[in-house]
Every structure is written in C-alpha cells, then in structure tokens.
>>> print(open('start24.pdb').read())   # PDB, C-alpha atoms
MODEL        1
ATOM      1  CA  MET A   1      92.516 -89.035  11.355  1.00  0.00           C
ATOM      2  CA  HIS A   2      91.516 -92.717  11.184  1.00  0.00           C
ATOM      3  CA  GLU A   3      94.933 -94.250  11.723  1.00  0.00           C
ATOM      4  CA  ASN A   4      93.734 -96.199  14.789  1.00  0.00           C
ATOM      5  CA  ILE A   5      90.925 -98.111  13.087  1.00  0.00           C
ATOM      6  CA  TYR A   6      93.064-100.407  10.957  1.00  0.00           C
ATOM      7  CA  PHE A   7      94.375-103.814  11.969  1.00  0.00           C
ATOM      8  CA  MET A   8      97.838-103.532  13.445  1.00  0.00           C
ATOM      9  CA  GLU A   9     100.409-106.301  13.123  1.00  0.00           C
ATOM     10  CA  GLY A  10     100.588-108.370  16.284  1.00  0.00           C
ATOM     11  CA  GLU A  11      97.166-107.338  17.565  1.00  0.00           C
ATOM     12  CA  LYS A  12      94.996-110.433  17.500  1.00  0.00           C
ATOM     13  CA  LYS A  13      91.822-109.592  19.402  1.00  0.00           C
ATOM     14  CA  VAL A  14      88.199-110.018  18.349  1.00  0.00           C
ATOM     15  CA  VAL A  15      84.766-109.502  19.829  1.00  0.00           C
ATOM     16  CA  PHE A  16      81.533-111.072  18.590  1.00  0.00           C
ATOM     17  CA  VAL A  17      78.694-108.536  18.356  1.00  0.00           C
ATOM     18  CA  SER A  18      74.928-108.970  18.088  1.00  0.00           C
ATOM     19  CA  HIS A  19      73.787-108.313  14.558  1.00  0.00           C
ATOM     20  CA  CYS A  20      71.467-105.387  15.348  1.00  0.00           C
ATOM     21  CA  LEU A  21      74.230-103.401  17.051  1.00  0.00           C
ATOM     22  CA  LEU A  22      75.950-103.077  13.676  1.00  0.00           C
ATOM     23  CA  ASN A  23      72.801-103.132  11.541  1.00  0.00           C
ATOM     24  CA  GLN A  24      69.916-101.383  13.274  1.00  0.00           C
ATOM     25  CA  ASN A  25      67.666-102.151  10.307  1.00  0.00           C
ATOM     26  CA  VAL A  26      66.931-105.602  11.786  1.00  0.00           C
ATOM     27  CA  ALA A  27      65.988-104.250  15.230  1.00  0.00           C
ATOM     28  CA  PRO A  28      62.281-103.858  15.988  1.00  0.00           C
ATOM     29  CA  VAL A  29      61.061-100.592  14.497  1.00  0.00           C
ATOM     30  CA  ASN A  30      60.173 -99.185  17.918  1.00  0.00           C
ATOM     31  CA  LYS A  31      63.566-100.184  19.403  1.00  0.00           C
ATOM     32  CA  ARG A  32      66.101 -98.585  17.074  1.00  0.00           C
ATOM     33  CA  TYR A  33      68.737 -96.300  18.549  1.00  0.00           C
ATOM     34  CA  PRO A  34      70.531 -94.571  15.654  1.00  0.00           C
ATOM     35  CA  ASN A  35      74.178 -93.746  16.338  1.00  0.00           C
ATOM     36  CA  SER A  36      73.984 -95.156  19.863  1.00  0.00           C
ATOM     37  CA  VAL A  37      76.831 -97.626  19.427  1.00  0.00           C
ATOM     38  CA  GLY A  38      79.277 -95.307  17.674  1.00  0.00           C
ATOM     39  CA  GLU A  39      81.324 -94.744  20.832  1.00  0.00           C
ATOM     40  CA  ILE A  40      81.549 -98.477  21.446  1.00  0.00           C
ATOM     41  CA  LEU A  41      82.708 -99.157  17.896  1.00  0.00           C
ATOM     42  CA  GLN A  42      85.249 -96.324  18.096  1.00  0.00           C
ATOM     43  CA  MET A  43      86.587 -97.701  21.381  1.00  0.00           C
ATOM     44  CA  LEU A  44      86.960-101.214  19.922  1.00  0.00           C
ATOM     45  CA  ALA A  45      88.600 -99.880  16.762  1.00  0.00           C
ATOM     46  CA  SER A  46      91.006 -97.735  18.780  1.00  0.00           C
ATOM     47  CA  ALA A  47      91.996-100.856  20.746  1.00  0.00           C
ATOM     48  CA  ASN A  48      92.592-102.729  17.458  1.00  0.00           C
ATOM     49  CA  VAL A  49      89.814-105.221  18.179  1.00  0.00           C
ATOM     50  CA  GLY A  50      88.293-107.029  15.214  1.00  0.00           C
ATOM     51  CA  ILE A  51      84.492-107.049  15.195  1.00  0.00           C
ATOM     52  CA  VAL A  52      82.646-110.201  14.142  1.00  0.00           C
ATOM     53  CA  GLN A  53      78.941-109.699  13.481  1.00  0.00           C
ATOM     54  CA  LEU A  54      76.694-112.477  14.783  1.00  0.00           C
ATOM     55  CA  PRO A  55      73.847-113.699  12.556  1.00  0.00           C
ATOM     56  CA  CYS A  56      70.387-112.340  13.401  1.00  0.00           C
ATOM     57  CA  PRO A  57      68.335-115.367  14.471  1.00  0.00           C
ATOM     58  CA  HIS A  58      65.062-113.498  14.108  1.00  0.00           C
ATOM     59  CA  ALA A  59      65.611-112.198  10.575  1.00  0.00           C
ATOM     60  CA  ASP A  60      66.762-115.623   9.410  1.00  0.00           C
ATOM     61  CA  PHE A  61      64.066-117.692  11.159  1.00  0.00           C
ATOM     62  CA  PHE A  62      61.043-115.475  10.529  1.00  0.00           C
ATOM     63  CA  SER A  63      62.226-114.007   7.212  1.00  0.00           C
ATOM     64  CA  GLU A  64      61.112-110.530   8.232  1.00  0.00           C
ATOM     65  CA  ILE A  65      63.019-107.361   8.845  1.00  0.00           C
ATOM     66  CA  GLU A  66      60.347-104.812   9.758  1.00  0.00           C
ATOM     67  CA  ARG A  67      58.690-105.877  13.012  1.00  0.00           C
ATOM     68  CA  GLU A  68      57.518-104.836  16.440  1.00  0.00           C
ATOM     69  CA  ARG A  69      59.186-106.327  19.523  1.00  0.00           C
ATOM     70  CA  LYS A  70      57.366-109.294  20.985  1.00  0.00           C
ATOM     71  CA  PRO A  71      57.761-110.818  24.466  1.00  0.00           C
ATOM     72  CA  LYS A  72      60.181-113.677  25.049  1.00  0.00           C
ATOM     73  CA  LYS A  73      57.401-116.282  25.269  1.00  0.00           C
ATOM     74  CA  PHE A  74      56.703-115.656  21.558  1.00  0.00           C
ATOM     75  CA  TYR A  75      60.252-116.777  20.735  1.00  0.00           C
ATOM     76  CA  ASP A  76      60.683-119.459  23.368  1.00  0.00           C
ATOM     77  CA  THR A  77      59.497-122.323  21.168  1.00  0.00           C
ATOM     78  CA  LYS A  78      61.191-125.607  20.389  1.00  0.00           C
ATOM     79  CA  GLU A  79      61.747-124.614  16.752  1.00  0.00           C
ATOM     80  CA  TYR A  80      63.199-121.177  17.472  1.00  0.00           C
ATOM     81  CA  ARG A  81      65.339-122.520  20.322  1.00  0.00           C
ATOM     82  CA  ASN A  82      66.734-125.221  17.996  1.00  0.00           C
ATOM     83  CA  HIS A  83      67.488-122.509  15.425  1.00  0.00           C
ATOM     84  CA  CYS A  84      69.349-120.477  18.072  1.00  0.00           C
ATOM     85  CA  ARG A  85      71.211-123.600  19.237  1.00  0.00           C
ATOM     86  CA  ARG A  86      72.457-124.208  15.675  1.00  0.00           C
ATOM     87  CA  ILE A  87      73.690-120.615  15.493  1.00  0.00           C
ATOM     88  CA  ALA A  88      75.361-120.922  18.906  1.00  0.00           C
ATOM     89  CA  LYS A  89      77.211-124.066  17.813  1.00  0.00           C
ATOM     90  CA  ILE A  90      78.437-122.425  14.598  1.00  0.00           C
ATOM     91  CA  VAL A  91      79.600-119.274  16.395  1.00  0.00           C
ATOM     92  CA  LEU A  92      81.323-121.256  19.142  1.00  0.00           C
ATOM     93  CA  ARG A  93      83.194-123.207  16.447  1.00  0.00           C
ATOM     94  CA  GLN A  94      84.304-119.860  15.013  1.00  0.00           C
ATOM     95  CA  ILE A  95      85.410-118.730  18.473  1.00  0.00           C
ATOM     96  CA  GLU A  96      87.400-121.959  18.890  1.00  0.00           C
ATOM     97  CA  ASN A  97      89.013-121.411  15.469  1.00  0.00           C
ATOM     98  CA  TYR A  98      90.018-117.856  16.384  1.00  0.00           C
ATOM     99  CA  THR A  99      91.452-119.099  19.671  1.00  0.00           C
ATOM    100  CA  LYS A 100      93.399-121.917  17.978  1.00  0.00           C
ATOM    101  CA  SER A 101      94.829-119.342  15.573  1.00  0.00           C
ATOM    102  CA  GLY A 102      96.228-117.285  18.433  1.00  0.00           C
ATOM    103  CA  TYR A 103      93.473-114.699  18.771  1.00  0.00           C
ATOM    104  CA  LYS A 104      92.132-113.493  22.061  1.00  0.00           C
ATOM    105  CA  VAL A 105      88.327-113.526  21.973  1.00  0.00           C
ATOM    106  CA  LEU A 106      87.281-110.709  24.288  1.00  0.00           C
ATOM    107  CA  GLY A 107      83.660-111.782  24.447  1.00  0.00           C
ATOM    108  CA  ILE A 108      80.191-111.647  22.976  1.00  0.00           C
ATOM    109  CA  LEU A 109      78.112-108.460  23.067  1.00  0.00           C
ATOM    110  CA  GLY A 110      74.396-109.114  23.489  1.00  0.00           C
ATOM    111  CA  VAL A 111      71.564-106.569  23.631  1.00  0.00           C
ATOM    112  CA  GLU A 112      69.697-106.029  26.884  1.00  0.00           C
ATOM    113  CA  PHE A 113      65.893-106.277  26.775  1.00  0.00           C
ATOM    114  CA  SER A 114      65.959-108.379  23.585  1.00  0.00           C
ATOM    115  CA  PRO A 115      63.981-111.646  23.803  1.00  0.00           C
ATOM    116  CA  THR A 116      66.773-113.248  21.765  1.00  0.00           C
ATOM    117  CA  CYS A 117      70.027-111.518  22.763  1.00  0.00           C
ATOM    118  CA  ALA A 118      69.459-110.175  26.313  1.00  0.00           C
ATOM    119  CA  VAL A 119      72.165-111.003  28.824  1.00  0.00           C
ATOM    120  CA  HIS A 120      70.562-109.926  32.137  1.00  0.00           C
ATOM    121  CA  GLN A 121      67.218-108.204  31.435  1.00  0.00           C
ATOM    122  CA  VAL A 122      64.389-109.153  29.071  1.00  0.00           C
ATOM    123  CA  GLU A 123      61.506-106.953  28.027  1.00  0.00           C
ATOM    124  CA  ASN A 124      58.232-108.846  28.470  1.00  0.00           C
ATOM    125  CA  GLY A 125      55.445-106.644  27.178  1.00  0.00           C
ATOM    126  CA  ASN A 126      55.516-103.452  29.227  1.00  0.00           C
ATOM    127  CA  ARG A 127      57.758-104.954  31.927  1.00  0.00           C
ATOM    128  CA  VAL A 128      61.471-105.579  32.175  1.00  0.00           C
ATOM    129  CA  THR A 129      62.305-108.767  34.041  1.00  0.00           C
ATOM    130  CA  PRO A 130      65.548-110.506  34.984  1.00  0.00           C
ATOM    131  CA  GLY A 131      66.478-113.085  32.390  1.00  0.00           C
ATOM    132  CA  LYS A 132      68.333-113.969  29.237  1.00  0.00           C
ATOM    133  CA  GLY A 133      67.350-114.095  25.599  1.00  0.00           C
ATOM    134  CA  VAL A 134      66.955-117.428  23.833  1.00  0.00           C
ATOM    135  CA  LEU A 135      70.226-117.163  21.857  1.00  0.00           C
ATOM    136  CA  ILE A 136      72.230-116.172  24.938  1.00  0.00           C
ATOM    137  CA  GLU A 137      70.769-119.124  26.861  1.00  0.00           C
ATOM    138  CA  GLU A 138      71.843-121.417  24.038  1.00  0.00           C
ATOM    139  CA  PHE A 139      75.347-119.885  23.946  1.00  0.00           C
ATOM    140  CA  GLU A 140      75.717-120.509  27.666  1.00  0.00           C
ATOM    141  CA  GLU A 141      74.413-124.089  27.421  1.00  0.00           C
ATOM    142  CA  GLU A 142      76.742-124.956  24.528  1.00  0.00           C
ATOM    143  CA  MET A 143      79.715-123.378  26.332  1.00  0.00           C
ATOM    144  CA  ARG A 144      78.855-125.414  29.427  1.00  0.00           C
ATOM    145  CA  LYS A 145      78.843-128.598  27.327  1.00  0.00           C
ATOM    146  CA  LYS A 146      82.223-127.700  25.797  1.00  0.00           C
ATOM    147  CA  LYS A 147      83.593-126.713  29.203  1.00  0.00           C
ATOM    148  CA  PHE A 148      84.814-123.296  28.163  1.00  0.00           C
ATOM    149  CA  GLN A 149      83.655-119.774  28.786  1.00  0.00           C
ATOM    150  CA  VAL A 150      83.683-116.526  26.853  1.00  0.00           C
ATOM    151  CA  PRO A 151      82.454-113.383  28.627  1.00  0.00           C
ATOM    152  CA  ILE A 152      79.019-112.232  27.495  1.00  0.00           C
ATOM    153  CA  VAL A 153      78.310-108.530  28.025  1.00  0.00           C
ATOM    154  CA  GLY A 154      74.880-106.954  27.752  1.00  0.00           C
ATOM    155  CA  VAL A 155      74.753-103.698  25.799  1.00  0.00           C
ATOM    156  CA  ASN A 156      72.118-101.446  27.328  1.00  0.00           C
ATOM    157  CA  LEU A 157      71.191 -98.911  24.678  1.00  0.00           C
ATOM    158  CA  ASN A 158      69.299 -96.914  27.328  1.00  0.00           C
ATOM    159  CA  ASN A 159      72.527 -96.524  29.322  1.00  0.00           C
ATOM    160  CA  ILE A 160      75.375 -96.574  26.839  1.00  0.00           C
ATOM    161  CA  TYR A 161      77.902 -95.195  29.346  1.00  0.00           C
ATOM    162  CA  ALA A 162      77.447 -98.177  31.700  1.00  0.00           C
ATOM    163  CA  THR A 163      78.019-100.413  28.671  1.00  0.00           C
ATOM    164  CA  ILE A 164      81.194 -98.507  27.779  1.00  0.00           C
ATOM    165  CA  GLU A 165      82.508 -99.126  31.299  1.00  0.00           C
ATOM    166  CA  LYS A 166      81.878-102.875  30.928  1.00  0.00           C
ATOM    167  CA  ILE A 167      83.684-102.991  27.598  1.00  0.00           C
ATOM    168  CA  GLN A 168      86.584-100.952  28.986  1.00  0.00           C
ATOM    169  CA  ALA A 169      86.898-103.598  31.726  1.00  0.00           C
ATOM    170  CA  LEU A 170      86.991-106.333  29.064  1.00  0.00           C
ATOM    171  CA  LEU A 171      89.729-104.489  27.187  1.00  0.00           C
ATOM    172  CA  LYS A 172      91.716-103.915  30.373  1.00  0.00           C
ATOM    173  CA  TYR A 173      91.748-107.562  31.443  1.00  0.00           C
ATOM    174  CA  CYS A 174      92.238-109.178  28.043  1.00  0.00           C
TER     175      CYS A 174
ENDMDL
END
>>> encode(input="start24.pdb", output="structure tokens")
Amino acid sequence: MHENIYFMEGEKKVVFVSHCLLNQNVAPVNKRYPNSVGEILQMLASANVGIVQLPCPHADFFSEIERERKPKKFYDTKEYRNHCRRIAKIVLRQIENYTKSGYKVLGILGVEFSPTCAVHQVENGNRVTPGKGVLIEEFEEEMRKKKFQVPIVGVNLNNIYATIEKIQALLKYC
C-alpha cells in the first residue's frame, strides 16, 4: 500500500517546505487547516521527493507556539528580519550542499498570506495585499547575492488544487 513513499535508489530530489505545512501546531490558531496538505505530501512522496522542513522563524524568535496572526508590519523589524536572514543563509547553504551532492532541489514551498512565508500575497489585518513574507524576501535577497535561483512556490491553503497544479509543474520540469 505504501510502496511509493520510500526513497528509491537513484532518485535524488528534495523540496524545502515551510515548517507549518508539516506541523500545523505552529500556525496561528485561527489559521490552521488540518489535513489540507495531505494530497501535496502524497504527491511528493509518490514522486520520490525528499521533504526538508524549514525552521519556523516565528516560533524560534518569539518563543511562542499558540498565537493569533498579526500583520506583516509587526514582523518587519530589523531584529526579526536579521533572524530571517540568518535562517535564509543556513537553508541556502543546505540547498548548495544538496546540489553539490547530486540532488535536484525542486524548490521552496512557502505559505500564502503568512507575514513570514508568503510568496505572492500577504494578509494585513482584514485585507490581502500583494507582497512577500519577511523570510521569503530574505531568501530572494540571499539568492540574488549568491547569483543562483531556486523556485519558490506559494501554497494557498484556501485553494489547495491550484497549489497542486503548481507543484505538478515543478515535478514535470525538474
């Protein structure tokens, strides 16, 4: 039944995934979507893609798990941005190490509407606005400095099927 979820010899693909997609306990209490990413995880496992969980900048920086979502301006401080930059540098080193070892890094999965991990849309109070989360901005800046690019895909938990299509495209072209 689960024969497709184990690592297969010769398959060297990984994807880096926002922490709260694998551990919803760190998501804001009013923004948890139980079982919403199961299809995504199944699809990645069926394609023999290793899943690397990103650290949760919020849980580490603020030392709190239970919380309500706050707007991006709450997080967009020098201290929090520096914290996210450190994480971005560490993760990009890991990505480089995977690449040097012959792995294909399919991308990074962020979480739309998150003030930290949004890729295209950020929730600001009761509004959704175009923009990126602080960590994603730092990933992009550090990649620009290193002159390399890894695709970053926004997971929209309100529209999981659109997200599945994006990930299928990643799998097809990698």
>>> closest_residue(input="start24.pdb", among="A:Gly131, A:Asn23, A:Phe16, A:Pro151", to="Ala169 of chain A", atoms="all atoms listed in the file")
A:Pro151
>>> closest_residue(input="start24.pdb", among="A:Tyr161, A:Phe139, A:Phe148, A:Tyr103", to="Arg85 of chain A", atoms="all atoms listed in the file")
A:Phe139
>>> residues_around(input="start24.pdb", residues="segment 76-78 of chain A", least_positions_apart="5", cutoff="12 Å", atoms="all atoms listed in the file", output="MDAnalysis selection string")
chainID A and resid 58 61 70:71 83:85 115:116 132:135 137:138
>>> atom_distance(input="start24.pdb", atom1="atom CA of Gly107 of chain A", atom2="atom CA of Val14 of chain A")
7.8 Å
>>> atom_distance(input="start24.pdb", atom1="atom CA of Pro57 of chain A", atom2="atom CA of His120 of chain A")
18.6 Å
>>> residues_around(input="start24.pdb", residues="Gln168 of chain A", least_positions_apart="6", cutoff="12 Å", atoms="only C-alpha atoms", output="list in words")
Glu39, Ile40, Leu41, Gln42, Met43, Leu44, Ser46, Ala47, Leu106, Val153, Tyr161, Ala162 and Cys174 of chain A
>>> atom_distance(input="start24.pdb", atom1="atom CA of Ile152 of chain A", atom2="atom CA of Leu171 of chain A")
13.2 Å
>>> closest_residue(input="start24.pdb", among="A:Gly110, A:His19, A:Glu140, A:Val128", to="Thr163 of chain A", atoms="only C-alpha atoms")
A:Gly110
>>> resolve_selection(input="start24.pdb", expression="the PyMOL selection byres ((chain A and resi 158) around 10)", output="PDB file with C-alpha atoms, keeping the file's coordinate frame")
ATOM      1  CA  TYR A  33      68.737 -96.300  18.549  1.00  0.00           C
ATOM      2  CA  SER A  36      73.984 -95.156  19.863  1.00  0.00           C
ATOM      3  CA  GLU A 112      69.697-106.029  26.884  1.00  0.00           C
ATOM      4  CA  PHE A 113      65.893-106.277  26.775  1.00  0.00           C
ATOM      5  CA  VAL A 155      74.753-103.698  25.799  1.00  0.00           C
ATOM      6  CA  ASN A 156      72.118-101.446  27.328  1.00  0.00           C
ATOM      7  CA  LEU A 157      71.191 -98.911  24.678  1.00  0.00           C
ATOM      8  CA  ASN A 159      72.527 -96.524  29.322  1.00  0.00           C
ATOM      9  CA  ILE A 160      75.375 -96.574  26.839  1.00  0.00           C
ATOM     10  CA  TYR A 161      77.902 -95.195  29.346  1.00  0.00           C
ATOM     11  CA  ALA A 162      77.447 -98.177  31.700  1.00  0.00           C
ATOM     12  CA  THR A 163      78.019-100.413  28.671  1.00  0.00           C
TER      13      THR A 163
END
>>> resolve_selection(input="start24.pdb", expression="the PyMOL selection byres ((chain A and resi 98) around 12)", output="PDB file with C-alpha atoms, in the coordinates of the input")
ATOM      1  CA  LYS A  12      94.996-110.433  17.500  1.00  0.00           C
ATOM      2  CA  LYS A  13      91.822-109.592  19.402  1.00  0.00           C
ATOM      3  CA  VAL A  14      88.199-110.018  18.349  1.00  0.00           C
ATOM      4  CA  VAL A  15      84.766-109.502  19.829  1.00  0.00           C
ATOM      5  CA  PHE A  16      81.533-111.072  18.590  1.00  0.00           C
ATOM      6  CA  GLY A  50      88.293-107.029  15.214  1.00  0.00           C
ATOM      7  CA  VAL A  52      82.646-110.201  14.142  1.00  0.00           C
ATOM      8  CA  VAL A  91      79.600-119.274  16.395  1.00  0.00           C
ATOM      9  CA  LEU A  92      81.323-121.256  19.142  1.00  0.00           C
ATOM     10  CA  ARG A  93      83.194-123.207  16.447  1.00  0.00           C
ATOM     11  CA  GLN A  94      84.304-119.860  15.013  1.00  0.00           C
ATOM     12  CA  ILE A  95      85.410-118.730  18.473  1.00  0.00           C
ATOM     13  CA  GLU A  96      87.400-121.959  18.890  1.00  0.00           C
ATOM     14  CA  ASN A  97      89.013-121.411  15.469  1.00  0.00           C
ATOM     15  CA  THR A  99      91.452-119.099  19.671  1.00  0.00           C
ATOM     16  CA  LYS A 100      93.399-121.917  17.978  1.00  0.00           C
ATOM     17  CA  SER A 101      94.829-119.342  15.573  1.00  0.00           C
ATOM     18  CA  GLY A 102      96.228-117.285  18.433  1.00  0.00           C
ATOM     19  CA  TYR A 103      93.473-114.699  18.771  1.00  0.00           C
ATOM     20  CA  LYS A 104      92.132-113.493  22.061  1.00  0.00           C
ATOM     21  CA  VAL A 105      88.327-113.526  21.973  1.00  0.00           C
ATOM     22  CA  LEU A 106      87.281-110.709  24.288  1.00  0.00           C
ATOM     23  CA  GLY A 107      83.660-111.782  24.447  1.00  0.00           C
TER      24      GLY A 107
END
>>> closest_residue(input="start24.pdb", among="A:Glu11, A:Ile136, A:Glu141, A:Ile90", to="Gln121 of chain A", atoms="all atoms listed in the file")
A:Ile136
>>> residues_around(input="start24.pdb", residues="Leu22 of chain A", least_positions_apart="3", cutoff="8 Å", atoms="only C-alpha atoms", output="JSON, numbers by chain")
{"A": [17, 18, 19, 37, 53]}
>>> write_last_selection(input="start24.pdb", atoms="C-alpha atoms", output="PDB file, in the frame of the given file")
ATOM      1  CA  VAL A  17      78.694-108.536  18.356  1.00  0.00           C
ATOM      2  CA  SER A  18      74.928-108.970  18.088  1.00  0.00           C
ATOM      3  CA  HIS A  19      73.787-108.313  14.558  1.00  0.00           C
ATOM      4  CA  VAL A  37      76.831 -97.626  19.427  1.00  0.00           C
ATOM      5  CA  GLN A  53      78.941-109.699  13.481  1.00  0.00           C
TER       6      GLN A  53
END
>>> closest_residue(input="start24.pdb", among="A:Ala88, A:Cys20, A:Leu54, A:Val49", to="Lys146 of chain A", atoms="all atoms listed in the file")
A:Ala88
>>> decode(input="start24.pdb", residues="segment 135-145 of chain A", atoms="all heavy atoms", output="CSV table (one decimal), in the first residue's frame")
chain,number,residue,atom,x,y,z
A,135,LEU,N,10.6,36.2,5.6
A,135,LEU,CA,11.6,35.2,5.3
A,135,LEU,C,11.8,35.0,3.8
A,135,LEU,O,12.9,34.8,3.3
A,135,LEU,CB,11.2,33.8,5.9
A,135,LEU,CG,12.1,32.6,5.7
A,135,LEU,CD1,13.5,32.9,6.2
A,135,LEU,CD2,11.5,31.4,6.2
A,136,ILE,N,10.7,35.0,3.0
A,136,ILE,CA,10.8,34.8,1.6
A,136,ILE,C,11.6,36.0,1.0
A,136,ILE,O,12.4,35.8,0.1
A,136,ILE,CB,9.4,34.7,0.9
A,136,ILE,CG1,8.7,33.5,1.5
A,136,ILE,CG2,9.5,34.6,-0.6
A,136,ILE,CD1,9.4,32.1,1.3
A,137,GLU,N,11.4,37.2,1.4
A,137,GLU,CA,12.2,38.3,1.0
A,137,GLU,C,13.7,38.1,1.2
A,137,GLU,O,14.5,38.4,0.4
A,137,GLU,CB,11.7,39.6,1.6
A,137,GLU,CG,10.4,40.1,1.2
A,137,GLU,CD,9.8,41.3,1.9
A,137,GLU,OE1,10.3,41.6,3.1
A,137,GLU,OE2,8.9,42.0,1.4
A,138,GLU,N,14.0,37.6,2.4
A,138,GLU,CA,15.4,37.3,2.7
A,138,GLU,C,16.0,36.2,1.9
A,138,GLU,O,17.1,36.2,1.5
A,138,GLU,CB,15.5,37.1,4.2
A,138,GLU,CG,15.2,38.3,5.1
A,138,GLU,CD,16.1,39.5,4.7
A,138,GLU,OE1,17.3,39.4,4.4
A,138,GLU,OE2,15.6,40.6,4.8
A,139,PHE,N,15.2,35.1,1.6
A,139,PHE,CA,15.6,34.1,0.7
A,139,PHE,C,16.0,34.7,-0.6
A,139,PHE,O,17.0,34.4,-1.2
A,139,PHE,CB,14.5,33.0,0.5
A,139,PHE,CG,14.5,31.9,1.5
A,139,PHE,CD1,13.3,31.5,2.1
A,139,PHE,CD2,15.7,31.2,1.8
A,139,PHE,CE1,13.3,30.5,3.0
A,139,PHE,CE2,15.7,30.2,2.7
A,139,PHE,CZ,14.5,29.8,3.3
A,140,GLU,N,15.1,35.5,-1.2
A,140,GLU,CA,15.3,36.0,-2.5
A,140,GLU,C,16.5,36.9,-2.5
A,140,GLU,O,17.3,36.9,-3.5
A,140,GLU,CB,14.1,36.8,-3.0
A,140,GLU,CG,12.9,35.8,-3.3
A,140,GLU,CD,11.7,36.5,-3.9
A,140,GLU,OE1,11.5,37.7,-3.7
A,140,GLU,OE2,10.9,35.7,-4.5
A,141,GLU,N,16.7,37.7,-1.5
A,141,GLU,CA,17.9,38.6,-1.4
A,141,GLU,C,19.2,37.8,-1.3
A,141,GLU,O,20.2,38.1,-2.0
A,141,GLU,CB,17.7,39.6,-0.2
A,141,GLU,CG,18.9,40.5,-0.1
A,141,GLU,CD,19.2,41.4,-1.2
A,141,GLU,OE1,18.3,41.7,-2.1
A,141,GLU,OE2,20.3,41.9,-1.3
A,142,GLU,N,19.2,36.8,-0.5
A,142,GLU,CA,20.4,36.0,-0.4
A,142,GLU,C,20.7,35.2,-1.7
A,142,GLU,O,21.9,35.1,-2.0
A,142,GLU,CB,20.3,35.1,0.8
A,142,GLU,CG,20.3,35.8,2.2
A,142,GLU,CD,21.5,36.7,2.4
A,142,GLU,OE1,22.7,36.2,2.1
A,142,GLU,OE2,21.4,37.8,2.8
A,143,MET,N,19.6,34.7,-2.3
A,143,MET,CA,19.9,34.1,-3.6
A,143,MET,C,20.4,35.0,-4.7
A,143,MET,O,21.3,34.7,-5.4
A,143,MET,CB,18.6,33.4,-4.1
A,143,MET,CG,18.2,32.1,-3.4
A,143,MET,SD,16.9,31.2,-4.2
A,143,MET,CE,15.5,31.9,-3.5
A,144,ARG,N,19.9,36.3,-4.7
A,144,ARG,CA,20.4,37.3,-5.6
A,144,ARG,C,21.9,37.5,-5.4
A,144,ARG,O,22.7,37.5,-6.3
A,144,ARG,CB,19.6,38.6,-5.4
A,144,ARG,CG,20.0,39.6,-6.4
A,144,ARG,CD,19.4,41.0,-6.1
A,144,ARG,NE,19.9,41.6,-4.9
A,144,ARG,CZ,21.1,42.1,-4.7
A,144,ARG,NH1,22.0,42.1,-5.7
A,144,ARG,NH2,21.5,42.6,-3.5
A,145,LYS,N,22.3,37.6,-4.1
A,145,LYS,CA,23.7,37.8,-3.7
A,145,LYS,C,24.6,36.7,-4.2
A,145,LYS,O,25.7,36.9,-4.7
A,145,LYS,CB,23.9,38.0,-2.2
A,145,LYS,CG,23.4,39.3,-1.7
A,145,LYS,CD,23.6,39.3,-0.2
A,145,LYS,CE,22.9,40.6,0.5
A,145,LYS,NZ,23.0,40.5,1.9
